[in-house]
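Chemist: The structure is given below, and queries will be raised subsequently.
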Amino acid sequence: MKKPQAFTVHDIARMAGVSAMTVSRALNNPERVSAGTLLKVREVVRQTGFVPNGIAGGLRSSRAKLVAAVLPTLTGAVFQETVRSLNQALDERGYQLMIGQSGYDASREDVLLDAIIRRRPDGIVLTGIMHSAEGRRRLLAAGIPVVETWDLTPTPIDMLVGFSHERIGETVCHFLYSRGYRHPLLLSADDERARRRMDGFRRMAQVLGLTAEIPTQLVPAPTTLGSGRSGLIEALATHPETDALFCSSDMLALGVLIEAQTRGLAVPEQLGVVGLGDLEFAANLQPALTSVRIDGTRIGRMAAQFIVDRAEGRAVSEPIVDIGFEIIERASA
């Protein structure tokens, strides 16, 4: 895969037809540059997505040995395994990890990426593939090694370690169907990756001849135990025929199990429950939670290896890795 092009101040100066010093002034002291020149420089910056180096005025004699990771949430337990292994693998190679929280908002991610790129880390690890056009352009223009994780696409920004959310939805739907459930409901966060899992679930439901429209109960991301309990209450009030739930996180599923127990619903006889993440508590619940297992440790270690290899001038022969997933079947379904 072609390495992203890194634009320099000199590239911008050449494209704008001015000196590098003029570009520097336009970026840092625009009041010292004529309106016409400022307009030309800014247009070239816009077209290239160039972000000026915020370290030592763009001068750098050695690598910073710093890697930045961007997560949608710092409290989501599902990402902790990846962060732990990423940090450990980088530390073993003498690199430091810096973490930023983007939330589930593309505009917030753009602001964070701008700040990160200005610091010129040796690599950037992103969660997911759904970035704004502006964010993607800036990352390509920066020339910094980028690894996207927890998702899958044939056209990553640079490198990718992940899995198919659509395929997860399809597989869970088929799993529930094979266990005899015919009236499933989706209890899900409202973020983009969760929506693609729901799309996959619905497609498989049509193939299997289930109801034309699988009912869906959306809750805000990041999900909580409380939203799992309230989600089940509302789901049963509007769709009392529900006999199974696919929850977009184990935390949601835990809330469902607690509420089901409170209501005297037998799990899995009256209500099958499947979570996502296979968190440490899943196997120790009563009943133990069936969950989609994602190898977060492998994601973190591979992302670290990709970044270090590229930062140290080594080629990455397979820049796209699909690690897949596994349904861990337990008593809840």
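So you can find residues: chains in the structure tokens are A, B, ... in the order shown, residues in each start at 1, and ligands are numbered from 1 in order.
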Quick one: residues within 8 Å of Ala311 in chain A, only C-alpha atoms, excluding same-chain residues fewer than 2 positions away - as a list in words?
Modeler: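 Contacts, with the query itself left out: Asp122, Gly123, Pro145, Ile307, Val308, Asp309, Gly313 and Arg314 of chain A.
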Chemist: Per residue of range 235-309 of chain A within 9 Å of range 153-164 of chain A, note the shortest atom pair and the distance in Å to one decimal, counting only C-alpha atoms, and order the rows by chain and increasing residue number, as a tab-separated table.
Modeler:
residue	atom	partner	partner_atom	distance
A:Ile294	CA	A:Phe163	CA	8.5
A:Arg298	CA	A:Val161	CA	8.8
A:Ile299	CA	A:Val161	CA	6.0
A:Gly300	CA	A:Val161	CA	8.7
A:Met302	CA	A:Val161	CA	7.1
A:Ala303	CA	A:Val161	CA	6.7
A:Phe306	CA	A:Met159	CA	7.6
A:Ile307	CA	A:Met159	CA	9.0
Chemist: Write out as a list in words each polymer residue whose atoms come within 9 Å of Ala235 in chain A, counting only C-alpha atoms; drop sequence neighbours fewer than 4 positions from it.
Modeler: Leu185, Leu187, Pro215, Thr216, Gln217, Ser230, Gly231, His239, Pro240 and Thr242 of chain A
Chemist: Emit the selected residues as a short mmCIF file (atom, residue, chain, number, x, y, z; two decimals), in the first residue's frame, including C-alpha atoms.
Modeler:
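So the final result, stored in part30.cif, reads:
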data_model
loop_
_atom_site.label_atom_id
_atom_site.label_comp_id
_atom_site.auth_asym_id
_atom_site.auth_seq_id
_atom_site.Cartn_x
_atom_site.Cartn_y
_atom_site.Cartn_z
CA LEU A 185 -34.99 -7.33 19.29
CA LEU A 187 -30.91 -3.15 21.99
CA PRO A 215 -37.61 -4.03 16.27
CA THR A 216 -34.84 -1.81 17.60
CA GLN A 217 -34.36 0.03 20.88
CA SER A 230 -34.47 0.77 31.01
CA GLY A 231 -33.99 -0.52 27.47
CA HIS A 239 -42.82 -5.50 21.77
CA PRO A 240 -44.07 -8.00 24.39
CA THR A 242 -39.71 -10.41 22.20
#
Chemist: In range 35-107 of chain A, what's alpha helix (DSSP H) per DSSP? Answer as a VMD selection string?
Modeler: chain A and resid 35 to 48 80 to 92 106 to 107
Chemist: Just to confirm, what's the straight-line distance from CA of Thr297 in chain A to CA of Asp322 in chain A in Å (one decimal)?
Modeler: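 It comes out at 13.9 Å.
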Chemist: Identify, on the basis of only C-alpha atoms, every residue whose closest approach to Ala69 in chain A does not exceed 10 Å; exclude the query and any residue fewer than 2 positions from it along the same chain; express the result as a list in words.
Modeler: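 Counting only C-alpha atoms, the residues come to Val67, Leu71, Val83, Leu86, Asn87, Leu97, Met98, Ile99, Gly100, Gln101, Leu113, Ile116, Gly123, Ile124, Val125, Leu126, Thr127, Val146, Val147 and Glu148 of chain A.
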Chemist: Kindly save the residues from that selection, with C-alpha atoms included, as a JSON list (two decimals), in the first residue's frame.
Modeler:
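See again.json below for the written result:
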[["chain", "number", "residue", "atom", "x", "y", "z"],
["A", 67, "VAL", "CA", 2.27, 7.23, 19.55],
["A", 71, "LEU", "CA", -10.75, 6.41, 21.49],
["A", 83, "VAL", "CA", -5.31, -0.13, 25.11],
["A", 86, "LEU", "CA", -1.06, -1.45, 22.74],
["A", 87, "ASN", "CA", 0.62, 0.34, 25.63],
["A", 97, "LEU", "CA", 1.44, 6.09, 24.34],
["A", 98, "MET", "CA", -0.71, 9.24, 24.45],
["A", 99, "ILE", "CA", -4.50, 8.77, 24.56],
["A", 100, "GLY", "CA", -7.22, 11.18, 23.51],
["A", 101, "GLN", "CA", -11.00, 10.89, 23.73],
["A", 113, "LEU", "CA", -6.52, 15.03, 15.27],
["A", 116, "ILE", "CA", -2.15, 15.44, 17.54],
["A", 123, "GLY", "CA", 2.16, 7.02, 14.68],
["A", 124, "ILE", "CA", -1.58, 7.41, 15.25],
["A", 125, "VAL", "CA", -3.97, 4.61, 16.23],
["A", 126, "LEU", "CA", -7.64, 5.31, 15.52],
["A", 127, "THR", "CA", -10.82, 3.54, 16.59],
["A", 146, "VAL", "CA", -1.88, 5.51, 10.84],
["A", 147, "VAL", "CA", -3.53, 2.30, 12.02],
["A", 148, "GLU", "CA", -7.32, 2.14, 12.08]]
Chemist: From a DSSP calculation on the backbone, collect every residue of range 114-172 of chain A in strand (DSSP E) and output the set as an mmCIF file with N, CA and C atoms, in the first residue's frame.
Modeler:
data_model
loop_
_atom_site.group_PDB
_atom_site.id
_atom_site.type_symbol
_atom_site.label_atom_id
_atom_site.label_comp_id
_atom_site.auth_asym_id
_atom_site.auth_seq_id
_atom_site.Cartn_x
_atom_site.Cartn_y
_atom_site.Cartn_z
ATOM 1 N N GLY A 123 3.279 7.772 15.233
ATOM 2 C CA GLY A 123 2.157 7.025 14.680
ATOM 3 C C GLY A 123 0.862 7.416 15.364
ATOM 4 N N ILE A 124 -0.250 7.121 14.707
ATOM 5 C CA ILE A 124 -1.576 7.413 15.250
ATOM 6 C C ILE A 124 -2.429 6.154 15.125
ATOM 7 N N VAL A 125 -3.067 5.763 16.214
ATOM 8 C CA VAL A 125 -3.971 4.610 16.225
ATOM 9 C C VAL A 125 -5.388 5.137 16.419
ATOM 10 N N LEU A 126 -6.271 4.820 15.479
ATOM 11 C CA LEU A 126 -7.643 5.309 15.518
ATOM 12 C C LEU A 126 -8.621 4.171 15.778
ATOM 13 N N THR A 127 -9.736 4.504 16.398
ATOM 14 C CA THR A 127 -10.819 3.541 16.589
ATOM 15 C C THR A 127 -11.848 3.752 15.488
ATOM 16 N N VAL A 146 -0.563 5.584 10.209
ATOM 17 C CA VAL A 146 -1.881 5.515 10.843
ATOM 18 C C VAL A 146 -2.376 4.070 10.819
ATOM 19 N N VAL A 147 -2.875 3.604 11.956
ATOM 20 C CA VAL A 147 -3.532 2.296 12.018
ATOM 21 C C VAL A 147 -4.963 2.506 12.497
ATOM 22 N N GLU A 148 -5.925 2.137 11.663
ATOM 23 C CA GLU A 148 -7.323 2.143 12.076
ATOM 24 C C GLU A 148 -7.654 0.779 12.672
ATOM 25 N N THR A 149 -8.452 0.759 13.725
ATOM 26 C CA THR A 149 -8.742 -0.479 14.443
ATOM 27 C C THR A 149 -10.241 -0.620 14.686
ATOM 28 N N MET A 159 -3.049 1.762 7.373
ATOM 29 C CA MET A 159 -3.043 0.366 7.797
ATOM 30 C C MET A 159 -4.276 0.105 8.662
ATOM 31 N N LEU A 160 -4.624 -1.169 8.837
ATOM 32 C CA LEU A 160 -5.858 -1.480 9.561
ATOM 33 C C LEU A 160 -5.773 -2.849 10.228
ATOM 34 N N VAL A 161 -6.281 -2.918 11.465
ATOM 35 C CA VAL A 161 -6.440 -4.192 12.173
ATOM 36 C C VAL A 161 -7.854 -4.200 12.747
ATOM 37 N N GLY A 162 -8.716 -5.083 12.251
ATOM 38 C CA GLY A 162 -10.086 -5.033 12.743
ATOM 39 C C GLY A 162 -10.931 -6.208 12.326
#
Chemist: Need the shell around range 285-288 of chain A: protein/DNA/RNA residues with any atom at most 12 Å away, counting only C-alpha atoms. Skip same-chain ones fewer than 3 positions apart. Format as a PyMOL selection string?
Modeler: chain A and resi 250-251+253-258+260-261+266-269+271-275+278-282+291+328-333
Chemist: Just C-alpha atoms for this one: save the residues we selected as a compact mmCIF listing (two decimals), in the first residue's frame.
Modeler:
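What landed in again29.txt:
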# COMPACT_ATOMS: atom_id res chain seq x y z
CA ASP A 250 -21.88 -6.61 27.58
CA MET A 251 -22.73 -3.74 29.91
CA ALA A 253 -26.60 -7.13 28.45
CA LEU A 254 -25.79 -7.09 32.17
CA GLY A 255 -28.52 -4.50 32.70
CA VAL A 256 -30.93 -6.68 30.72
CA LEU A 257 -30.13 -9.75 32.84
CA ILE A 258 -30.67 -7.80 36.06
CA ALA A 260 -35.11 -9.79 33.57
CA GLN A 261 -34.39 -11.32 36.96
CA ALA A 266 -36.43 -16.99 32.83
CA VAL A 267 -33.20 -16.64 30.84
CA PRO A 268 -32.71 -18.28 28.36
CA GLU A 269 -36.11 -20.05 28.33
CA LEU A 271 -35.56 -14.46 26.90
CA GLY A 272 -32.26 -15.15 25.19
CA VAL A 273 -29.53 -12.55 25.69
CA VAL A 274 -26.33 -11.99 23.68
CA GLY A 275 -23.79 -9.26 24.44
CA ASP A 278 -16.91 -10.82 26.26
CA LEU A 279 -15.76 -8.74 29.22
CA GLU A 280 -14.25 -10.40 32.27
CA PHE A 281 -17.54 -10.51 34.18
CA ALA A 282 -19.48 -12.24 31.37
CA SER A 291 -21.12 -12.77 24.04
CA ILE A 328 -18.74 -17.51 23.12
CA GLU A 329 -21.86 -19.56 23.86
CA ARG A 330 -22.96 -19.62 27.49
CA ALA A 331 -26.18 -20.13 29.41
CA SER A 332 -27.93 -16.84 28.54
CA ALA A 333 -28.69 -18.00 24.99
Chemist: Taking only C-alpha atoms into account, name the residue in A:Ala221, A:Leu27, A:Ser85, A:Ala141 that is nearest to Gly103 in chain A.
Modeler: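 For Gly103 in chain A, the nearest of the given residues is A:Ala221.
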Chemist: So that I can see what lies close to Val23 in chain A, please list as a list in words the residues with an atom at most 7 Å from it, counting only C-alpha atoms and leaving out residues fewer than 4 positions away in the same chain.
Modeler: Val9, Ala13, Ser19, Leu27 and Val41 of chain A
Chemist: For the residues selected in the previous step, produce a file with C-alpha atoms as a tab-separated table (two decimals), in the first residue's frame.
Modeler:
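Written file, part29.tsv:
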chain	number	residue	atom	x	y	z
A	9	VAL	CA	6.36	23.97	4.46
A	13	ALA	CA	5.59	27.44	-0.52
A	19	SER	CA	8.91	31.55	0.07
A	27	LEU	CA	0.39	30.33	9.32
A	41	VAL	CA	-1.35	30.09	1.09
Chemist: Quick one, how far is CA of Thr8 in chain A from CA of Ser132 in chain A?
Modeler: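 Separating CA of Thr8 in chain A from CA of Ser132 in chain A is a distance of 22.6 Å.
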Chemist: Pick out the residues sitting within 10 Å of Pro52 in chain A, and hand them over as a ChimeraX atom specification; count only C-alpha atoms, and ignore anything fewer than 3 positions along from it in its own chain.
Modeler: /A:7-9,24,27-28,45,49,55,57-58,114,117-120,142
Chemist: What would the file look like if the residues just selected were written as a tab-separated table (two decimals), in the first residue's frame with N, CA and C atoms?
Modeler:
chain	number	residue	atom	x	y	z
A	7	PHE	N	3.31	16.47	3.34
A	7	PHE	CA	3.62	17.79	2.79
A	7	PHE	C	4.44	18.59	3.81
A	8	THR	N	5.40	19.34	3.30
A	8	THR	CA	6.23	20.19	4.15
A	8	THR	C	5.93	21.65	3.85
A	9	VAL	N	6.49	22.53	4.69
A	9	VAL	CA	6.36	23.97	4.46
A	9	VAL	C	6.91	24.33	3.08
A	24	SER	N	5.40	30.40	6.59
A	24	SER	CA	5.48	30.38	8.05
A	24	SER	C	4.77	31.59	8.65
A	27	LEU	N	0.98	31.28	8.38
A	27	LEU	CA	0.39	30.33	9.32
A	27	LEU	C	0.45	30.82	10.76
A	28	ASN	N	1.53	31.53	11.09
A	28	ASN	CA	1.73	31.91	12.49
A	28	ASN	C	1.45	33.37	12.80
A	45	VAL	N	-3.12	25.20	1.61
A	45	VAL	CA	-3.26	24.44	2.86
A	45	VAL	C	-4.57	23.68	2.87
A	49	GLY	N	-4.57	19.69	2.93
A	49	GLY	CA	-4.80	19.23	4.29
A	49	GLY	C	-3.59	19.39	5.18
A	55	ILE	N	6.03	21.20	16.89
A	55	ILE	CA	7.19	20.95	17.74
A	55	ILE	C	8.39	21.69	17.19
A	57	GLY	N	8.96	24.55	15.96
A	57	GLY	CA	8.82	25.25	14.69
A	57	GLY	C	9.00	24.36	13.49
A	58	GLY	N	8.75	23.07	13.67
A	58	GLY	CA	8.84	22.15	12.55
A	58	GLY	C	10.20	21.51	12.41
A	114	ASP	N	-6.19	17.38	14.76
A	114	ASP	CA	-5.39	18.56	14.43
A	114	ASP	C	-4.32	18.79	15.49
A	117	ILE	N	-1.66	15.89	15.20
A	117	ILE	CA	-0.77	16.00	14.03
A	117	ILE	C	0.26	17.10	14.23
A	118	ARG	N	-0.12	18.19	14.87
A	118	ARG	CA	0.82	19.29	15.12
A	118	ARG	C	1.99	18.85	15.99
A	119	ARG	N	1.79	17.84	16.80
A	119	ARG	CA	2.85	17.33	17.68
A	119	ARG	C	3.73	16.28	17.00
A	120	ARG	N	3.35	15.90	15.79
A	120	ARG	CA	4.12	14.97	14.96
A	120	ARG	C	4.53	13.70	15.72
A	142	ALA	N	-0.46	14.46	6.32
A	142	ALA	CA	0.56	14.51	7.36
A	142	ALA	C	1.68	13.51	7.14
Chemist: Rank nothing, just name the residue among A:Arg193, A:Arg46, A:His131, A:Arg137 nearest to Asp151 in chain A, using only C-alpha atoms.
Modeler: A:Arg193
Chemist: So the first atom is CA of Arg229 in chain A and the second is CA of Asp191 in chain A; what is the distance between them in Å, to one decimal place?
Modeler: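 Separating CA of Arg229 in chain A from CA of Asp191 in chain A is a distance of 19.2 Å.
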Chemist: Taking only C-alpha atoms into account, name the residue in A:Arg182, A:Thr75, A:Gln206, A:Gln80 that is nearest to Thr224 in chain A.
Modeler: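 Of A:Arg182, A:Thr75, A:Gln206, A:Gln80, the one nearest Thr224 in chain A is A:Thr75, counting only C-alpha atoms.
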